[in-house]
Amino acid sequence: MIGLWDSTGNEVVKALAAERRSAGGVASGLALTLIAVVEEKKVREAEAAATIAAAAHPCRLLIVVRSDLEGRSRLDAEIVVGGRLGPAEAVVMRMYGRLALHAESVVMPLLAPDVPVVTWWHQEPPNMIANDFLGVVAERRITDCAQSPDPVAALRQRAADYAPGDTDLTWTRITLWRTLVAGAFDSTEARVIGARIVAPDRDPTGWLMLGWLKSRLGIEPVLEHTDRSPRMHSVELQCENGDCVRVTREEGTALFSRTGQEDRYMPLPKRPVGDELAEELRRLDADQIYADALGAMAGISGLEHRNPHRVHVWKDPALAAIAA
């Protein structure tokens, strides 16, 4: 690891190049550049998640920590190639003062050449991604509404602010649920006429599951709130032929029940953020199914037809505070 304190972007670029030459083959074959916008207290979490994701998608990880916007402009950096991060190379950049508002001036020269750029916010998502140049420059943008004080409101804002290429880890967290529910209809053609979802009031996964069922099946699911579980508890589907299909979470497993069949237990673990991140990095094009589900949840149509190319809209927090 190389540490650079009170440094410049040019010195970081030179130090990374020198470290890559020393690492040799460890740093070759990068699949993408992953920009992680992170709070100071979550830097190690982001590194751990990126290490898991890098096992499937070798990447250059650029961690941006914006700190102390009121102080003097300063850049501190740590450079790690290989080692504890596996097949990844990372630059952790702590930016202070006005420099933190122009993080792209340091990040842009560090992008790996000829590979896609993905930006991931491992903190409360931005209200408008266009206000953050690090999101505008990316082909794929990953947020996590669970990091917001009001996750459901944040998910609705993601629909209002959506552009093709956006996704949220809320969507990834219901992948196994969607697989189990969809698999129930491999052996039947019965039409679904109703659905009931049991989830906590502030759990965005329940709301996005509602949007997915609504967009795929053309029904109006019912969301029933509960305090029995911190996460989505069950999904129940009613079929036209009278059958009922229910998936219920039980301590890392799912109890699968269907009319006329014996109950079965199937795996439904809580996955680490690194696994969720790796899943989202598998595709770098727009996810139309997610767009449909998000739009159905928020009552907004045509999300997939929006312009995928964002234009940076500059917002100075200092001026915003004065206006307020």
# chains A, B, ... in the order shown; residues from 1 in each chain; ligands from 1

call {"tool": "residues_around", "arguments": {"residues": "stretch 148-163 of chain A", "least_positions_apart": "3", "cutoff": "9 Å", "atoms": "only C-alpha atoms", "output": "PyMOL selection string"}}
result
chain A and resi 123-125+127-130+143-145+166-168+170+201-205+207-208+286+291+294-295+297-300+303-310

call {"tool": "select_by_dssp", "arguments": {"residues": "stretch 37-249 of chain A", "states": "helix (DSSP H, G or I)", "output": "count of residues only"}}
result
78

call {"tool": "closest_atom_pairs", "arguments": {"of": "stretch 232-294 of chain A", "to": "stretch 106-117 of chain A", "cutoff": "12 Å", "atoms": "only C-alpha atoms", "output": "CSV"}}
result
residue,atom,partner,partner_atom,distance
A:Leu281,CA,A:Pro116,CA,10.4
A:Arg282,CA,A:Pro116,CA,11.8
A:Arg283,CA,A:Pro116,CA,10.8
A:Leu284,CA,A:Pro116,CA,7.8
A:Asp285,CA,A:Pro116,CA,10.4

call {"tool": "residues_around", "arguments": {"residues": "A:Arg20", "least_positions_apart": "6", "cutoff": "12 Å", "atoms": "only C-alpha atoms", "output": "MDAnalysis selection string"}}
result
chainID A and resid 1:2 13:14 26:30 60 79:82 87:91 112

call {"tool": "write_last_selection", "arguments": {"atoms": "all heavy atoms", "output": "short mmCIF file (atom, residue, chain, number, x, y, z; two decimals), in the first residue's frame"}}
result
data_model
loop_
_atom_site.label_atom_id
_atom_site.label_comp_id
_atom_site.auth_asym_id
_atom_site.auth_seq_id
_atom_site.Cartn_x
_atom_site.Cartn_y
_atom_site.Cartn_z
N MET A 1 0.85 -1.19 0.00
CA MET A 1 0.00 0.00 0.00
C MET A 1 0.88 1.23 0.00
O MET A 1 1.91 1.29 0.66
CB MET A 1 -0.92 0.00 1.23
CG MET A 1 -1.90 1.18 1.24
SD MET A 1 -2.86 1.30 2.76
CE MET A 1 -1.63 2.08 3.83
N ILE A 2 0.46 2.24 -0.77
CA ILE A 2 1.14 3.52 -0.81
C ILE A 2 0.22 4.58 -0.22
O ILE A 2 -0.97 4.65 -0.58
CB ILE A 2 1.51 3.91 -2.25
CG1 ILE A 2 2.51 2.89 -2.84
CG2 ILE A 2 2.11 5.31 -2.30
CD1 ILE A 2 2.85 3.17 -4.28
N VAL A 13 -1.94 9.71 -9.79
CA VAL A 13 -1.85 9.01 -11.07
C VAL A 13 -0.48 8.36 -11.23
O VAL A 13 -0.36 7.19 -11.63
CB VAL A 13 -2.12 9.98 -12.24
CG1 VAL A 13 -1.83 9.29 -13.58
CG2 VAL A 13 -3.57 10.45 -12.21
N LYS A 14 0.59 9.09 -10.91
CA LYS A 14 1.95 8.54 -11.04
C LYS A 14 2.17 7.39 -10.08
O LYS A 14 2.77 6.36 -10.44
CB LYS A 14 2.97 9.65 -10.77
CG LYS A 14 3.02 10.73 -11.84
CD LYS A 14 4.06 11.78 -11.49
CE LYS A 14 4.15 12.86 -12.57
NZ LYS A 14 5.14 13.92 -12.22
N VAL A 26 -0.94 -9.08 -11.70
CA VAL A 26 -2.05 -8.95 -10.75
C VAL A 26 -3.02 -7.88 -11.20
O VAL A 26 -4.23 -7.98 -11.00
CB VAL A 26 -1.52 -8.61 -9.34
CG1 VAL A 26 -2.66 -8.33 -8.38
CG2 VAL A 26 -0.65 -9.75 -8.82
N ALA A 27 -2.51 -6.85 -11.84
CA ALA A 27 -3.35 -5.70 -12.19
C ALA A 27 -3.79 -5.70 -13.64
O ALA A 27 -4.27 -4.71 -14.14
CB ALA A 27 -2.59 -4.41 -11.89
N SER A 28 -3.62 -6.82 -14.35
CA SER A 28 -3.98 -6.86 -15.76
C SER A 28 -5.41 -7.35 -15.92
O SER A 28 -5.99 -7.96 -15.04
CB SER A 28 -3.02 -7.77 -16.52
OG SER A 28 -3.13 -9.09 -16.06
N GLY A 29 -5.98 -7.12 -17.10
CA GLY A 29 -7.29 -7.65 -17.43
C GLY A 29 -8.44 -7.05 -16.67
O GLY A 29 -9.37 -7.75 -16.28
N LEU A 30 -8.42 -5.74 -16.47
CA LEU A 30 -9.51 -5.09 -15.75
C LEU A 30 -10.77 -5.09 -16.61
O LEU A 30 -10.73 -4.80 -17.80
CB LEU A 30 -9.12 -3.65 -15.39
CG LEU A 30 -7.93 -3.48 -14.45
CD1 LEU A 30 -7.66 -1.99 -14.21
CD2 LEU A 30 -8.19 -4.18 -13.12
N ARG A 60 -10.89 -1.66 -11.37
CA ARG A 60 -10.17 -0.59 -10.69
C ARG A 60 -11.19 0.12 -9.80
O ARG A 60 -12.19 0.65 -10.29
CB ARG A 60 -9.56 0.39 -11.68
CG ARG A 60 -8.88 1.58 -10.99
CD ARG A 60 -8.13 2.46 -11.98
NE ARG A 60 -7.02 1.74 -12.58
CZ ARG A 60 -6.24 2.25 -13.55
NH1 ARG A 60 -6.47 3.48 -14.00
NH2 ARG A 60 -5.25 1.55 -14.04
N ILE A 79 -3.26 3.82 -2.01
CA ILE A 79 -3.26 3.03 -3.23
C ILE A 79 -2.93 1.58 -2.88
O ILE A 79 -1.91 1.30 -2.24
CB ILE A 79 -2.24 3.58 -4.25
CG1 ILE A 79 -2.57 5.02 -4.61
CG2 ILE A 79 -2.19 2.71 -5.50
CD1 ILE A 79 -1.54 5.71 -5.45
N VAL A 80 -3.82 0.67 -3.30
CA VAL A 80 -3.64 -0.75 -3.03
C VAL A 80 -3.84 -1.51 -4.33
O VAL A 80 -4.87 -1.36 -4.99
CB VAL A 80 -4.65 -1.28 -1.98
CG1 VAL A 80 -4.41 -2.76 -1.71
CG2 VAL A 80 -4.55 -0.48 -0.69
N VAL A 81 -2.87 -2.31 -4.72
CA VAL A 81 -2.97 -3.14 -5.91
C VAL A 81 -2.79 -4.60 -5.49
O VAL A 81 -1.75 -4.97 -4.97
CB VAL A 81 -1.92 -2.76 -6.97
CG1 VAL A 81 -2.02 -3.70 -8.17
CG2 VAL A 81 -2.12 -1.32 -7.42
N GLY A 82 -3.85 -5.41 -5.73
CA GLY A 82 -3.79 -6.79 -5.29
C GLY A 82 -3.88 -6.87 -3.77
O GLY A 82 -4.55 -6.08 -3.12
N PRO A 87 -8.15 -9.64 -6.96
CA PRO A 87 -7.85 -9.20 -8.33
C PRO A 87 -8.38 -7.80 -8.63
O PRO A 87 -9.02 -7.57 -9.65
CB PRO A 87 -8.57 -10.26 -9.18
CG PRO A 87 -9.74 -10.65 -8.35
CD PRO A 87 -9.27 -10.60 -6.92
N ALA A 88 -8.12 -6.89 -7.76
CA ALA A 88 -8.58 -5.51 -7.97
C ALA A 88 -7.47 -4.57 -7.57
O ALA A 88 -6.52 -4.94 -6.88
CB ALA A 88 -9.83 -5.23 -7.13
N GLU A 89 -7.58 -3.35 -8.03
CA GLU A 89 -6.68 -2.30 -7.60
C GLU A 89 -7.54 -1.15 -7.13
O GLU A 89 -8.59 -0.87 -7.71
CB GLU A 89 -5.73 -1.89 -8.73
CG GLU A 89 -6.44 -1.50 -10.03
CD GLU A 89 -5.45 -1.29 -11.17
OE1 GLU A 89 -4.62 -2.17 -11.37
OE2 GLU A 89 -5.55 -0.24 -11.83
N ALA A 90 -7.12 -0.51 -6.07
CA ALA A 90 -7.98 0.50 -5.44
C ALA A 90 -7.20 1.76 -5.12
O ALA A 90 -6.01 1.71 -4.78
CB ALA A 90 -8.61 -0.06 -4.18
N VAL A 91 -7.92 2.88 -5.22
CA VAL A 91 -7.41 4.16 -4.76
C VAL A 91 -8.49 4.75 -3.85
O VAL A 91 -9.62 4.99 -4.30
CB VAL A 91 -7.11 5.13 -5.91
CG1 VAL A 91 -6.53 6.43 -5.36
CG2 VAL A 91 -6.16 4.50 -6.93
N ALA A 112 -9.76 3.56 -15.70
CA ALA A 112 -9.04 2.59 -16.54
C ALA A 112 -9.45 2.78 -17.99
O ALA A 112 -10.64 2.98 -18.28
CB ALA A 112 -9.37 1.17 -16.07
#

call {"tool": "residues_around", "arguments": {"residues": "A:Leu268", "least_positions_apart": "2", "cutoff": "7 Å", "atoms": "only C-alpha atoms", "output": "MDAnalysis selection string"}}
result
chainID A and resid 176 252:254 266 270

call {"tool": "write_last_selection", "arguments": {"atoms": "C-alpha atoms", "output": "compact mmCIF listing (two decimals), in the first residue's frame"}}
result
# COMPACT_ATOMS: atom_id res chain seq x y z
CA LEU A 176 -34.20 -14.84 -5.03
CA GLY A 252 -32.52 -17.93 6.00
CA THR A 253 -34.89 -20.30 4.21
CA ALA A 254 -38.16 -19.96 2.33
CA MET A 266 -35.76 -23.66 -0.17
CA LYS A 270 -29.43 -12.73 3.29

call {"tool": "closest_residue", "arguments": {"among": "A:Arg178, A:Arg216, A:Arg94, A:Arg141", "to": "A:Arg191", "atoms": "only C-alpha atoms"}}
result
A:Arg216

call {"tool": "closest_residue", "arguments": {"among": "A:Ala50, A:Ala278, A:Leu34, A:Cys244", "to": "A:Gln261", "atoms": "only C-alpha atoms"}}
result
A:Cys244

call {"tool": "residues_around", "arguments": {"residues": "A:Met95", "least_positions_apart": "4", "cutoff": "12 Å", "atoms": "only C-alpha atoms", "output": "mmCIF file with N, CA and C atoms, in the first residue's frame"}}
result
data_model
loop_
_atom_site.group_PDB
_atom_site.id
_atom_site.type_symbol
_atom_site.label_atom_id
_atom_site.label_comp_id
_atom_site.auth_asym_id
_atom_site.auth_seq_id
_atom_site.Cartn_x
_atom_site.Cartn_y
_atom_site.Cartn_z
ATOM 1 N N TRP A 5 -0.261 11.871 1.443
ATOM 2 C CA TRP A 5 -0.979 12.816 2.287
ATOM 3 C C TRP A 5 -0.786 14.237 1.783
ATOM 4 N N ASP A 6 -1.868 14.985 1.765
ATOM 5 C CA ASP A 6 -1.868 16.350 1.243
ATOM 6 C C ASP A 6 -1.219 16.362 -0.134
ATOM 7 N N SER A 7 -1.779 15.517 -1.001
ATOM 8 C CA SER A 7 -1.179 15.267 -2.303
ATOM 9 C C SER A 7 -1.943 15.996 -3.409
ATOM 10 N N THR A 8 -1.644 15.629 -4.643
ATOM 11 C CA THR A 8 -2.333 16.173 -5.814
ATOM 12 C C THR A 8 -2.792 15.017 -6.694
ATOM 13 N N GLY A 9 -3.738 15.297 -7.577
ATOM 14 C CA GLY A 9 -4.220 14.266 -8.483
ATOM 15 C C GLY A 9 -3.115 13.719 -9.361
ATOM 16 N N VAL A 37 -18.805 5.983 -4.082
ATOM 17 C CA VAL A 37 -18.958 7.203 -3.297
ATOM 18 C C VAL A 37 -19.400 6.774 -1.902
ATOM 19 N N VAL A 38 -18.564 7.035 -0.909
ATOM 20 C CA VAL A 38 -18.704 6.390 0.391
ATOM 21 C C VAL A 38 -18.509 7.399 1.517
ATOM 22 N N GLU A 39 -19.215 7.190 2.623
ATOM 23 C CA GLU A 39 -18.944 7.934 3.848
ATOM 24 C C GLU A 39 -17.708 7.351 4.518
ATOM 25 N N GLU A 40 -17.018 8.166 5.286
ATOM 26 C CA GLU A 40 -15.783 7.723 5.933
ATOM 27 C C GLU A 40 -15.974 6.439 6.727
ATOM 28 N N ILE A 63 -12.447 4.834 -4.649
ATOM 29 C CA ILE A 63 -13.317 5.174 -3.528
ATOM 30 C C ILE A 63 -13.173 6.658 -3.229
ATOM 31 N N VAL A 64 -14.294 7.358 -3.298
ATOM 32 C CA VAL A 64 -14.316 8.802 -3.084
ATOM 33 C C VAL A 64 -14.988 9.087 -1.749
ATOM 34 N N VAL A 65 -14.247 9.700 -0.847
ATOM 35 C CA VAL A 65 -14.779 10.092 0.463
ATOM 36 C C VAL A 65 -14.749 11.605 0.527
ATOM 37 N N ARG A 66 -15.920 12.212 0.529
ATOM 38 C CA ARG A 66 -16.007 13.673 0.602
ATOM 39 C C ARG A 66 -16.131 14.079 2.070
ATOM 40 N N SER A 67 -15.129 14.817 2.573
ATOM 41 C CA SER A 67 -15.090 15.155 3.998
ATOM 42 C C SER A 67 -14.883 16.656 4.196
ATOM 43 N N ASP A 68 -15.457 17.182 5.252
ATOM 44 C CA ASP A 68 -15.175 18.547 5.724
ATOM 45 C C ASP A 68 -15.165 19.564 4.590
ATOM 46 N N LEU A 69 -16.349 19.848 4.041
ATOM 47 C CA LEU A 69 -16.456 20.783 2.926
ATOM 48 C C LEU A 69 -16.066 22.203 3.300
ATOM 49 N N GLU A 70 -16.003 22.489 4.604
ATOM 50 C CA GLU A 70 -15.702 23.849 5.047
ATOM 51 C C GLU A 70 -14.203 24.109 5.185
ATOM 52 N N GLY A 71 -13.388 23.067 5.252
ATOM 53 C CA GLY A 71 -11.948 23.249 5.453
ATOM 54 C C GLY A 71 -11.225 23.617 4.172
ATOM 55 N N ARG A 72 -9.901 23.645 4.258
ATOM 56 C CA ARG A 72 -9.108 23.964 3.070
ATOM 57 C C ARG A 72 -9.061 22.753 2.150
ATOM 58 N N SER A 73 -8.866 22.990 0.881
ATOM 59 C CA SER A 73 -8.824 21.904 -0.096
ATOM 60 C C SER A 73 -7.584 21.045 0.130
ATOM 61 N N ARG A 74 -7.809 19.734 0.234
ATOM 62 C CA ARG A 74 -6.706 18.802 0.452
ATOM 63 C C ARG A 74 -7.099 17.430 -0.066
ATOM 64 N N LEU A 75 -6.122 16.671 -0.522
ATOM 65 C CA LEU A 75 -6.349 15.323 -1.012
ATOM 66 C C LEU A 75 -5.403 14.360 -0.313
ATOM 67 N N ASP A 76 -5.960 13.363 0.366
ATOM 68 C CA ASP A 76 -5.193 12.258 0.920
ATOM 69 C C ASP A 76 -5.591 10.999 0.163
ATOM 70 N N ALA A 77 -4.632 10.141 -0.138
ATOM 71 C CA ALA A 77 -4.927 8.958 -0.949
ATOM 72 C C ALA A 77 -4.178 7.732 -0.439
ATOM 73 N N GLU A 78 -4.822 6.575 -0.566
ATOM 74 C CA GLU A 78 -4.202 5.276 -0.325
ATOM 75 C C GLU A 78 -4.332 4.465 -1.602
ATOM 76 N N LEU A 99 -12.403 20.975 -2.952
ATOM 77 C CA LEU A 99 -12.007 19.865 -3.815
ATOM 78 C C LEU A 99 -13.054 18.764 -3.806
ATOM 79 N N ALA A 100 -13.692 18.536 -2.651
ATOM 80 C CA ALA A 100 -14.698 17.488 -2.545
ATOM 81 C C ALA A 100 -15.886 17.739 -3.468
ATOM 82 N N LEU A 101 -16.138 18.998 -3.826
ATOM 83 C CA LEU A 101 -17.239 19.327 -4.726
ATOM 84 C C LEU A 101 -16.860 19.124 -6.187
ATOM 85 N N HIS A 102 -15.576 18.925 -6.440
ATOM 86 C CA HIS A 102 -15.091 18.711 -7.812
ATOM 87 C C HIS A 102 -14.256 17.430 -7.853
ATOM 88 N N ALA A 103 -14.820 16.361 -7.283
ATOM 89 C CA ALA A 103 -14.084 15.094 -7.202
ATOM 90 C C ALA A 103 -13.684 14.573 -8.572
ATOM 91 N N GLU A 104 -14.475 14.931 -9.601
ATOM 92 C CA GLU A 104 -14.164 14.428 -10.948
ATOM 93 C C GLU A 104 -12.803 14.897 -11.437
ATOM 94 N N SER A 105 -12.301 16.036 -10.927
ATOM 95 C CA SER A 105 -10.998 16.538 -11.375
ATOM 96 C C SER A 105 -9.872 15.587 -10.999
ATOM 97 N N VAL A 106 -10.083 14.811 -9.931
ATOM 98 C CA VAL A 106 -9.099 13.819 -9.518
ATOM 99 C C VAL A 106 -9.430 12.445 -10.085
ATOM 100 N N VAL A 107 -10.721 12.131 -10.171
ATOM 101 C CA VAL A 107 -11.150 10.785 -10.565
ATOM 102 C C VAL A 107 -10.961 10.532 -12.054
#

call {"tool": "atom_distance", "arguments": {"atom1": "atom CA of A:Ala146", "atom2": "atom CA of A:Trp171"}}
result
11.1 Å

call {"tool": "closest_residue", "arguments": {"among": "A:Asn131, A:Glu19, A:Ala54, A:Lys41", "to": "A:Val313", "atoms": "only C-alpha atoms"}}
result
A:Asn131

call {"tool": "select_by_dssp", "arguments": {"residues": "stretch 100-297 of chain A", "states": "strand (DSSP E or B)", "output": "PyMOL selection string"}}
result
chain A and resi 117-122+140-143+164+166-168+192-199+222-225+234-239+244-250+253-258+264-267

call {"tool": "closest_residue", "arguments": {"among": "A:Ala18, A:Ala296, A:Leu180, A:Ile174", "to": "A:Pro267", "atoms": "only C-alpha atoms"}}
result
A:Leu180

call {"tool": "closest_residue", "arguments": {"among": "A:Val222, A:Val273, A:Val181, A:Val247", "to": "A:Leu169", "atoms": "only C-alpha atoms"}}
result
A:Val273

call {"tool": "atom_distance", "arguments": {"atom1": "atom CA of A:Ala199", "atom2": "atom CA of A:Arg140"}}
result
28.9 Å

call {"tool": "closest_residue", "arguments": {"among": "A:Thr179, A:Val137, A:Pro200, A:Gly206", "to": "A:Asp227", "atoms": "only C-alpha atoms"}}
result
A:Pro200
